Structures are given as C-alpha cells and as structure tokens.
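Okay, start-v7.cif now, which holds mmCIF, C-alpha atoms and all ligand atoms:
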```
data_protein
#
loop_
_atom_site.label_atom_id
_atom_site.label_comp_id
_atom_site.auth_asym_id
_atom_site.auth_seq_id
_atom_site.Cartn_x
_atom_site.Cartn_y
_atom_site.Cartn_z
CA MET C 1 102.20 89.49 102.57
CA ARG C 2 102.74 93.21 102.90
CA ASN C 3 100.65 94.62 100.06
CA PHE C 4 97.92 93.81 97.55
CA GLN C 5 100.36 93.10 94.72
CA GLU C 6 101.49 90.10 96.74
CA VAL C 7 97.90 89.07 97.46
CA ILE C 8 97.11 89.24 93.73
CA LYS C 9 100.26 87.25 92.89
CA PHE C 10 99.21 84.56 95.38
CA ALA C 11 95.65 84.54 93.99
CA ARG C 12 97.05 84.09 90.47
CA GLU C 13 98.97 81.02 91.66
CA ARG C 14 95.81 79.58 93.29
CA GLY C 15 93.31 80.62 90.62
CA PRO C 16 91.21 80.69 88.70
CA LYS C 17 88.29 80.29 91.14
CA THR C 18 84.67 80.95 90.21
CA ILE C 19 82.77 83.91 91.65
CA SER C 20 79.00 84.27 91.55
CA VAL C 21 78.29 87.98 91.38
CA ALA C 22 75.00 89.12 92.91
CA CYS C 23 73.48 92.12 91.08
CA CYS C 24 76.22 92.52 88.49
CA GLN C 25 74.80 95.65 86.78
CA ASP C 26 77.60 97.92 87.98
CA ARG C 27 80.54 99.56 86.20
CA GLU C 28 83.19 99.04 88.89
CA VAL C 29 82.07 95.48 89.57
CA LEU C 30 82.31 94.55 85.86
CA MET C 31 85.70 96.24 85.54
CA ALA C 32 87.03 94.32 88.56
CA VAL C 33 85.61 91.01 87.36
CA GLU C 34 87.11 91.53 83.89
CA MET C 35 90.53 92.38 85.40
CA ALA C 36 90.30 89.25 87.58
CA ARG C 37 89.49 87.14 84.49
CA LYS C 38 92.38 88.59 82.51
CA GLU C 39 94.75 88.07 85.47
CA GLU C 40 93.47 84.44 85.58
CA ILE C 41 92.47 84.93 89.22
CA ALA C 42 88.77 84.22 88.77
CA ASN C 43 85.98 83.53 86.32
CA ALA C 44 82.53 84.87 87.05
CA ILE C 45 78.89 83.95 86.78
CA LEU C 46 77.00 87.22 86.48
CA ILE C 47 73.57 87.31 88.09
CA GLY C 48 71.39 90.37 87.84
CA ASP C 49 69.81 92.75 85.35
CA ILE C 50 71.46 91.47 82.19
CA GLU C 51 70.04 94.19 79.91
CA LYS C 52 71.70 96.88 82.05
CA THR C 53 74.82 94.74 82.37
CA ARG C 54 75.06 94.49 78.55
CA GLU C 55 74.81 98.30 78.23
CA ILE C 56 77.62 98.85 80.76
CA ALA C 57 79.76 96.08 79.26
CA LYS C 58 79.36 97.55 75.77
CA ASP C 59 80.44 100.95 77.05
CA LEU C 60 83.49 99.39 78.75
CA GLY C 61 84.37 97.16 75.79
CA ILE C 62 83.87 93.98 77.83
CA ASP C 63 82.89 90.85 75.90
CA LEU C 64 80.14 89.13 77.91
CA ASN C 65 80.63 85.92 75.90
CA ASN C 66 83.37 85.17 78.42
CA TYR C 67 80.77 84.93 81.21
CA GLU C 68 77.82 82.80 82.20
CA LEU C 69 74.82 85.14 82.57
CA VAL C 70 71.72 84.69 84.72
CA ASP C 71 68.98 87.28 84.27
CA ILE C 72 67.26 88.07 87.59
CA LYS C 73 66.25 91.68 88.14
CA ASP C 74 64.95 91.47 91.70
CA LEU C 75 67.83 92.23 94.10
CA SER C 76 66.87 89.69 96.79
CA GLU C 77 66.23 86.92 94.27
CA ALA C 78 69.50 87.62 92.44
CA SER C 79 71.36 87.54 95.78
CA LEU C 80 69.73 84.25 96.74
CA LYS C 81 70.63 82.73 93.37
CA ALA C 82 74.26 83.88 93.69
CA VAL C 83 74.49 82.31 97.14
CA GLU C 84 72.73 79.14 96.01
CA LEU C 85 75.31 78.61 93.24
CA VAL C 86 78.02 78.56 95.91
CA SER C 87 76.00 76.17 98.11
CA GLN C 88 75.66 73.90 95.06
CA LYS C 89 79.45 74.16 94.54
CA LYS C 90 78.96 75.71 91.09
CA ALA C 91 80.97 78.69 92.34
CA ASP C 92 83.65 79.10 95.02
CA MET C 93 82.58 82.45 96.44
CA VAL C 94 79.91 85.12 96.28
CA MET C 95 80.50 88.77 95.42
CA LYS C 96 78.29 91.70 96.34
CA GLY C 97 77.42 93.82 93.32
CA LEU C 98 74.98 96.73 93.14
CA VAL C 99 72.92 95.67 96.13
CA ASP C 100 72.49 96.71 99.77
CA THR C 101 74.78 94.85 102.15
CA SER C 102 71.80 93.75 104.28
CA ILE C 103 70.11 92.13 101.24
CA ILE C 104 73.12 90.04 100.25
CA LEU C 105 73.84 89.15 103.89
CA LYS C 106 70.25 87.98 104.42
CA ALA C 107 70.77 85.68 101.43
CA VAL C 108 74.04 84.40 102.92
CA LEU C 109 72.19 83.69 106.20
CA ASN C 110 69.21 82.07 104.43
CA LYS C 111 68.40 78.76 106.13
CA GLU C 112 67.74 76.81 102.90
CA VAL C 113 70.34 77.97 100.39
CA GLY C 114 72.66 80.08 102.56
CA LEU C 115 76.21 79.56 103.73
CA ARG C 116 75.78 79.32 107.51
CA THR C 117 78.20 77.19 109.52
CA GLY C 118 76.96 77.75 113.07
CA ASN C 119 79.80 80.24 113.63
CA VAL C 120 79.53 84.00 113.76
CA LEU C 121 80.03 85.52 110.32
CA SER C 122 81.90 88.82 110.26
CA HIS C 123 83.50 91.30 107.92
CA VAL C 124 87.23 91.82 107.70
CA ALA C 125 88.62 94.81 105.82
CA VAL C 126 92.30 94.92 104.91
CA PHE C 127 94.01 98.27 104.40
CA ASP C 128 97.38 99.20 102.94
CA VAL C 129 97.65 102.79 104.16
CA GLU C 130 100.39 104.97 102.68
CA GLY C 131 102.96 105.86 105.32
CA TYR C 132 102.55 102.68 107.36
CA ASP C 133 104.85 99.65 107.27
CA ARG C 134 102.12 97.06 107.71
CA LEU C 135 98.65 96.07 106.60
CA PHE C 136 95.79 97.02 108.94
CA PHE C 137 92.69 94.89 109.42
CA ILE C 138 89.45 96.53 110.55
CA THR C 139 86.66 94.42 111.89
CA ASP C 140 83.65 94.52 111.81
CA ALA C 141 82.63 97.48 109.65
CA ALA C 142 79.81 95.78 107.79
CA MET C 143 77.88 92.94 109.40
CA ASN C 144 77.56 92.69 113.19
CA LEU C 145 75.67 95.68 114.56
CA ALA C 146 76.51 95.82 118.27
CA PRO C 147 78.40 92.64 119.12
CA ASP C 148 78.41 91.33 122.70
CA LEU C 149 81.57 90.02 124.37
CA ASN C 150 81.32 86.48 122.97
CA THR C 151 80.56 87.77 119.47
CA LYS C 152 83.58 90.12 119.70
CA LYS C 153 85.71 87.09 120.61
CA GLN C 154 84.50 85.27 117.48
CA ILE C 155 84.98 88.39 115.35
CA ILE C 156 88.61 88.48 116.54
CA GLU C 157 89.03 84.78 115.70
CA ASN C 158 87.58 85.33 112.21
CA SER C 159 89.91 88.26 111.57
CA CYS C 160 92.87 86.16 112.68
CA VAL C 161 92.00 83.57 110.02
CA VAL C 162 92.46 86.32 107.41
CA ALA C 163 95.63 87.66 109.04
CA HIS C 164 97.11 84.14 109.18
CA ALA C 165 96.22 83.64 105.50
CA LEU C 166 98.27 86.79 104.82
CA ASP C 167 101.21 85.24 106.71
CA ILE C 168 100.88 87.31 109.87
CA GLU C 169 101.70 84.57 112.34
CA THR C 170 100.63 86.21 115.61
CA PRO C 171 98.56 89.28 114.78
CA LYS C 172 98.33 92.00 117.40
CA VAL C 173 94.68 92.82 118.02
CA ALA C 174 93.70 96.16 119.55
CA ALA C 175 90.18 96.50 120.91
CA ILE C 176 89.75 100.17 120.09
CA CYS C 177 87.52 102.50 122.05
CA ALA C 178 87.27 106.22 122.73
CA LYS C 179 90.03 105.98 125.35
CA GLU C 180 92.77 103.69 126.60
CA LYS C 181 91.51 103.37 130.17
CA VAL C 182 88.61 101.30 131.47
CA ASN C 183 85.60 103.41 132.39
CA PRO C 184 82.80 101.32 133.93
CA LYS C 185 80.31 103.68 132.28
CA MET C 186 81.77 102.86 128.82
CA LYS C 187 80.89 99.20 128.27
CA ASP C 188 83.21 98.74 125.31
CA THR C 189 86.24 99.71 127.41
CA VAL C 190 85.20 97.11 129.99
CA GLU C 191 84.76 94.46 127.28
CA ALA C 192 88.10 95.40 125.69
CA LYS C 193 89.86 94.63 128.98
CA GLU C 194 87.89 91.36 129.28
CA LEU C 195 89.01 90.34 125.76
CA GLU C 196 92.63 91.06 126.73
CA GLU C 197 92.20 88.87 129.82
CA MET C 198 90.51 86.10 127.78
CA CYS C 199 93.54 86.04 125.50
CA GLU C 200 95.91 85.93 128.49
CA ARG C 201 93.95 82.90 129.80
CA GLY C 202 94.32 81.16 126.41
CA GLU C 203 90.62 81.51 125.54
CA ILE C 204 91.50 83.42 122.36
CA LYS C 205 94.33 81.76 120.49
CA GLY C 206 96.66 82.60 117.60
CA CYS C 207 96.96 86.30 118.37
CA LEU C 208 97.79 88.85 121.04
CA VAL C 209 94.84 90.92 122.22
CA GLY C 210 95.08 94.23 124.06
CA GLY C 211 92.57 96.80 125.13
CA PRO C 212 91.15 99.22 125.58
CA PHE C 213 93.19 101.42 123.23
CA ALA C 214 92.34 104.73 121.64
CA LEU C 215 93.10 104.65 117.91
CA ASP C 216 96.24 106.78 118.27
CA ASN C 217 97.97 104.56 120.79
CA ALA C 218 96.88 101.41 118.95
CA VAL C 219 98.61 102.35 115.69
CA SER C 220 101.36 104.81 116.68
CA LEU C 221 104.25 103.77 118.90
CA GLU C 222 105.06 107.42 119.43
CA ALA C 223 101.54 108.17 120.69
CA ALA C 224 101.66 105.11 122.95
CA LYS C 225 105.02 106.17 124.41
CA HIS C 226 103.77 109.73 124.87
CA LYS C 227 100.90 108.42 126.99
CA GLY C 228 103.19 106.00 128.87
CA ILE C 229 101.38 102.89 127.63
CA ASP C 230 103.49 99.78 127.94
CA HIS C 231 101.80 96.83 126.24
CA PRO C 232 103.01 94.57 123.40
CA VAL C 233 100.05 95.63 121.24
CA ALA C 234 100.40 99.38 121.95
CA GLY C 235 101.36 101.25 118.78
CA LYS C 236 101.84 97.98 116.89
CA ALA C 237 98.30 96.79 116.22
CA ASP C 238 97.61 94.80 113.06
CA ILE C 239 93.90 94.18 113.71
CA LEU C 240 91.61 96.97 114.93
CA LEU C 241 88.51 95.54 116.58
CA ALA C 242 85.82 98.21 116.43
CA PRO C 243 83.34 98.37 119.30
CA ASP C 244 80.38 98.36 116.92
CA ILE C 245 79.43 98.72 113.25
CA GLU C 246 79.09 102.52 113.48
CA ALA C 247 82.67 103.03 114.66
CA GLY C 248 84.01 100.36 112.30
CA ASN C 249 82.21 101.66 109.23
CA ILE C 250 83.14 105.29 109.89
CA LEU C 251 86.79 104.27 110.38
CA TYR C 252 86.68 102.24 107.11
CA LYS C 253 85.23 105.10 105.11
CA SER C 254 87.48 107.70 106.76
CA LEU C 255 90.50 105.77 105.56
CA VAL C 256 89.05 105.39 102.05
CA PHE C 257 88.06 109.03 101.64
CA PHE C 258 90.63 110.91 103.77
CA SER C 259 93.85 108.98 103.16
CA LYS C 260 95.84 107.34 100.41
CA THR C 261 94.92 103.73 100.88
CA LYS C 262 94.34 100.49 99.05
CA ASN C 263 91.84 98.13 100.56
CA ALA C 264 89.80 94.95 100.31
CA GLY C 265 86.92 93.36 102.20
CA VAL C 266 85.53 89.90 102.78
CA ILE C 267 82.98 88.19 105.04
CA VAL C 268 84.44 85.16 106.81
CA GLY C 269 83.01 82.45 109.05
CA ALA C 270 80.66 81.21 106.31
CA LYS C 271 81.03 78.05 104.19
CA ALA C 272 82.72 80.17 101.51
CA PRO C 273 84.11 83.70 101.30
CA VAL C 274 81.73 86.55 100.55
CA ILE C 275 83.47 89.40 98.75
CA LEU C 276 81.96 92.49 100.27
CA THR C 277 82.96 96.07 99.62
CA SER C 278 81.07 99.33 99.67
CA ARG C 279 79.17 100.12 96.46
CA ALA C 280 81.19 103.35 96.43
CA ASP C 281 84.53 101.51 96.49
CA ASN C 282 86.47 101.62 93.24
CA GLU C 283 87.34 98.79 90.84
CA GLU C 284 90.82 98.39 92.33
CA THR C 285 89.32 97.72 95.78
CA LYS C 286 86.91 95.24 94.23
CA LEU C 287 89.78 93.46 92.42
CA ASN C 288 91.83 93.36 95.65
CA SER C 289 88.79 91.90 97.38
CA ILE C 290 88.39 89.21 94.71
CA ALA C 291 92.07 88.31 95.21
CA LEU C 292 91.54 88.18 98.99
CA GLY C 293 88.47 85.98 98.42
CA VAL C 294 90.52 83.61 96.24
CA LEU C 295 93.15 83.43 98.94
CA MET C 296 90.52 82.63 101.59
CA ALA C 297 88.81 80.07 99.32
CA ALA C 298 92.17 78.40 98.69
CA LYS C 299 92.72 78.10 102.46
CA ALA C 300 89.23 76.67 103.10
C1 LIG C 401 82.28 98.18 104.86
C2 LIG C 401 81.80 98.42 103.48
C3 LIG C 401 80.42 97.96 103.19
C4 LIG C 401 79.41 98.75 103.95
O1 LIG C 401 79.47 99.92 104.09
S1 LIG C 401 78.14 97.85 104.65
C5 LIG C 401 77.01 98.98 105.33
C6 LIG C 401 76.53 98.63 106.67
N1 LIG C 401 76.10 97.27 106.83
C7 LIG C 401 74.77 96.90 106.88
O2 LIG C 401 73.87 97.67 106.67
C8 LIG C 401 74.47 95.47 107.23
C9 LIG C 401 74.37 95.34 108.74
N2 LIG C 401 73.78 94.10 109.20
C10 LIG C 401 72.49 93.77 108.99
O3 LIG C 401 71.76 94.43 108.26
C11 LIG C 401 71.94 92.57 109.71
O4 LIG C 401 72.58 92.38 110.92
C12 LIG C 401 71.99 91.25 108.86
C13 LIG C 401 73.41 90.72 108.76
C14 LIG C 401 71.41 91.47 107.46
C15 LIG C 401 71.12 90.21 109.57
O5 LIG C 401 69.84 90.77 109.62
P1 LIG C 401 68.55 90.00 110.10
O6 LIG C 401 68.29 88.88 109.14
O7 LIG C 401 67.47 90.97 110.32
O8 LIG C 401 69.15 89.52 111.46
P2 LIG C 401 68.66 88.76 112.70
O9 LIG C 401 69.46 89.35 113.79
O10 LIG C 401 67.17 88.72 112.81
O11 LIG C 401 69.20 87.26 112.43
C16 LIG C 401 68.62 86.34 111.54
C17 LIG C 401 69.35 85.03 111.73
O12 LIG C 401 70.70 85.18 111.26
C18 LIG C 401 71.61 84.91 112.32
N3 LIG C 401 72.71 85.88 112.24
C19 LIG C 401 72.61 87.23 112.22
N4 LIG C 401 73.82 87.77 112.14
C20 LIG C 401 74.71 86.73 112.14
C21 LIG C 401 76.12 86.66 112.08
N5 LIG C 401 76.87 87.75 112.04
N6 LIG C 401 76.68 85.45 112.06
C22 LIG C 401 75.95 84.32 112.11
N7 LIG C 401 74.60 84.33 112.17
C23 LIG C 401 74.00 85.53 112.19
C24 LIG C 401 70.81 85.10 113.61
O13 LIG C 401 71.38 84.39 114.66
C25 LIG C 401 69.45 84.60 113.20
O14 LIG C 401 69.50 83.19 113.22
P3 LIG C 401 68.20 82.31 113.55
O15 LIG C 401 67.19 82.63 112.48
O16 LIG C 401 67.74 82.73 114.90
O17 LIG C 401 68.69 80.90 113.48
#
```
Structure translated into structure tokens:
Amino acid sequence: MRNFQEVIKFARERGPKTISVACCQDREVLMAVEMARKEEIANAILIGDIEKTREIAKDLGIDLNNYELVDIKDLSEASLKAVELVSQKKADMVMKGLVDTSIILKAVLNKEVGLRTGNVLSHVAVFDVEGYDRLFFITDAAMNLAPDLNTKKQIIENSCVVAHALDIETPKVAAICAKEKVNPKMKDTVEAKELEEMCERGEIKGCLVGGPFALDNAVSLEAAKHKGIDHPVAGKADILLAPDIEAGNILYKSLVFFSKTKNAGVIVGAKAPVILTSRADNEETKLNSIALGVLMAAKA
C-alpha cells in the first residue's frame, strides 16, 4: 500500500470493527469516528464525559443514537474502561481521545484489565509525505522513553509488523542518529551499528537494518551519494528508528507542522491495536489511524 486511500479501502473490506474510545469528548475524535462509521470501517463505543460529548456532537450534527455511550468523567477511569472492553472482547481496539498519552498507556499496561503480552509495546507512526515515493514509518515517537539495545530490537520488530501489513515485504530500517559514523561517545551511534550487525547475524528478521545514519542520508539517495555512503538502506529507508522519544516525537511533529503530510499512528505489541495520535492531530489523521488499527486488528 502506498497511501492512506489504499489503507482505508483495505479497512473497508475488513470492517466494520469496534473501537472503544477513551475520553471521547473531542471534536476531531468524534468527526473521525463518525467518518469511520459512515465508511463502514468501524463502529464505536464512546467512553468519557457524555454531557460534553453531546454538546460537541450537536454542534457537528452527529447523531449519538448510532453509538453506545458510557459516561465516565475521570480520565484514568475512562481509559481503564475503554481498555477493559477490549480485554473482554467487546471491542477490537482502543482509541486515545482527549487524554494524555501516559494515562491511556498506563491503562493499556494495567496488570488486571490491560492488554500486555509480555512483549515490548511501541508506537509506529506512518507518514505519506508529499514529494516522496514511499510511506515512512517513524518509531517510537510516543511510548518508550530511552530504549536500550534489546528494546530497540523489539521496537524494530514491532514496526516491521506494521510495514508487512502494508505490504512492504522487506522494509529498510535506518537507525537514525545525529551522524552517520560511530562515535563511542554517542551511545546511539554505537547501538545503531550493533543493530545493523544483529540483523546481519539473523537476530532481527524480516527487514534490512542499517545504522547509524543521519536523517538526510537515510531518506535521500542524493545525500547518501554525496557523502559516499554505500549501504542498501542508505537513502532508501522505509522505517526510521529514533534513538529516543525526544528525537522521535520532534521528528513526528516537525513533519506534521512543517510539511505537507498525511499520517497515522498505532501502538503495537499489545493484545490489540491502540490507536494513538497526538491530541493536536486533525480528524483526517485520526481516521487514517482508525483504518490502520482495523488493518492491524484484521492481521491479529
Ligand atoms: C506521537 C503522537 C502522540 C504524542 O505526542 S505522545 C507524547 C509523549 N508520550 C508520552 O508522554 C508517554 C511516554 N511514556 C510514558 O509516559 C511511560 O513510559 C508509560 C508508557 C506510561 C509507562 O509508564 P510507567 O507506568 O510509569 O512505567 P514503568 O516504567 O514504571 O513500567 C510499568 C510497567 O509497565 C511495563 N512497561 C513499561 N513500558 C512498557 C512497554 N513499552 N512495553 C511493555 N511493557 C512496558 C514495565 O515493564 C513495568 O512492568 P512491571 O510492572 O514491572 O511488570
């Protein structure tokens, strides 16, 4: 799949799935959920401040009779309920509404009602950036703070699950850093090289890993050639592995605010997909993310 229209088409063929929306009292979230319902991609259970939700829905002309509503005002409790509905198989995936990422993720990790599997959970963002011939995946911009080497390996594996679901057979993974050479004083450059070697030894499968790369020579063949970098991932990366959440999140938001891009985001590695975008992302991003979630749920 090369763009979100194709992802939405696929989701339509696999849908409708059921989403449980945590803290639904948000304009863009309701718009996205309503578009997903009309596209027959997904139905939703709305959990949150229902009085506020009714006000927003009225303003948008959305008929809430089409939804199951659960009134829980407290953000943590609403998040736990949304996650619990997925654990109980009453919904296929969770969606973050108007709530802090850390609150919804704590609910997802909750030992009683959460969606843990024993694997690392991580965020994968998919970008269709104008001017580029391929989708880019950025990981992890939202969950893992400062992953160690083994966690980075699992973050790569999680992102490959998403890339494979989008028909990218052998995604090229660039471990991006501030530079393309190993500097022993820059631990992420050292780990990037180790990840490349792990892949060469067959310890990371289903993809091609290279690193370290600076962003320019990871995504631009011209920049890679200019710097004399000869590596199958150089200039051709599909997946950009960020060294930590700061770099990943700033890259995510730079693309959203400084370029013409369409995007989507999902947490993978859990028992079910968790649709997770920034609260500031628009309704189109949230709809794309629902479609991506449906696609991941269909593959599970
Ligand atoms: C990109 C668009 C959206 C955004 O902009 S998001 C904005 C930035 N993101 C954030 O602020 C969220 C960043 N992450 C966090 O806040 C925290 O790491 C998170 C996920 C809430 C976990 O917090 P805490 O509960 O305090 O974490 P903790 O380290 O004490 O761990 C508690 C238990 O959970 C486990 N855990 C934590 N992260 C995990 C992971 N990635 N995968 C699997 N398991 C994980 C951890 O092992 C621990 O387990 P146990 O209780 O020891 O059995």
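Ranking C:Leu292, C:Leu241, C:Val108, C:Ala192 by their shortest atom-to-atom distance to ligand LIG 401 (chain C), with only C-alpha atoms and all ligand atoms included, puts C:Val108 first.
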Box dimensions and centre (Å, one decimal) enclosing ligand LIG 401 (chain C), axis-aligned, 4 Å extra per side, as lines of an AutoDock Vina configuration file:
```
center_x = 74.7
center_y = 90.4
center_z = 109.0
size_x = 23.1
size_y = 27.0
size_z = 19.7
```
Q. Do you know which residues are at most 6 Å from region 274-288 of chain C counting only C-alpha atoms, after dropping those on the same chain fewer than 4 positions away, and could you put them as JSON, numbers by chain?
A. {"C": [28, 32, 93, 94, 95, 96, 263, 264, 265, 266, 267]}
Any chance you could tabulate, as a Markdown table, the residues of region 22-120 of chain C at most 12 Å from region 129-149 of chain C with each one's nearest atom pair and distance in Å to one decimal, using only C-alpha atoms, in chain and rising number order?
```
| residue | atom | partner | partner_atom | distance |
| --- | --- | --- | --- | --- |
| C:Asp100 | CA | C:Ala142 | CA | 10.9 |
| C:Thr101 | CA | C:Ala142 | CA | 7.6 |
| C:Ser102 | CA | C:Met143 | CA | 8.0 |
| C:Ile103 | CA | C:Met143 | CA | 11.3 |
| C:Ile104 | CA | C:Met143 | CA | 10.7 |
| C:Leu105 | CA | C:Met143 | CA | 7.8 |
| C:Lys106 | CA | C:Met143 | CA | 10.4 |
| C:Val108 | CA | C:Met143 | CA | 11.4 |
| C:Leu109 | CA | C:Met143 | CA | 11.3 |
| C:Val120 | CA | C:Asn144 | CA | 8.9 |
```
Write the residues of the preceding selection, restricted to C-alpha atoms, as a PDB file, in the frame of the given file.
```pdb
ATOM      1  CA  ASP C 100      72.490  96.710  99.770  1.00  0.00           C
ATOM      2  CA  THR C 101      74.780  94.850 102.150  1.00  0.00           C
ATOM      3  CA  SER C 102      71.800  93.750 104.280  1.00  0.00           C
ATOM      4  CA  ILE C 103      70.110  92.130 101.240  1.00  0.00           C
ATOM      5  CA  ILE C 104      73.120  90.040 100.250  1.00  0.00           C
ATOM      6  CA  LEU C 105      73.840  89.150 103.890  1.00  0.00           C
ATOM      7  CA  LYS C 106      70.250  87.980 104.420  1.00  0.00           C
ATOM      8  CA  VAL C 108      74.040  84.400 102.920  1.00  0.00           C
ATOM      9  CA  LEU C 109      72.190  83.690 106.200  1.00  0.00           C
ATOM     10  CA  VAL C 120      79.530  84.000 113.760  1.00  0.00           C
TER      11      VAL C 120
END
```
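Proximity of C:Asp188, C:Asp230, C:Glu84, C:Glu112 to ligand LIG 401 (chain C), computed with all atoms listed in the file, is greatest for C:Glu112.
The smallest atom-to-atom distance between Glu34 (chain C) and any of C:Val209, C:Leu195, C:Ile290, C:Ala297, using only C-alpha atoms, is found for C:Ile290.
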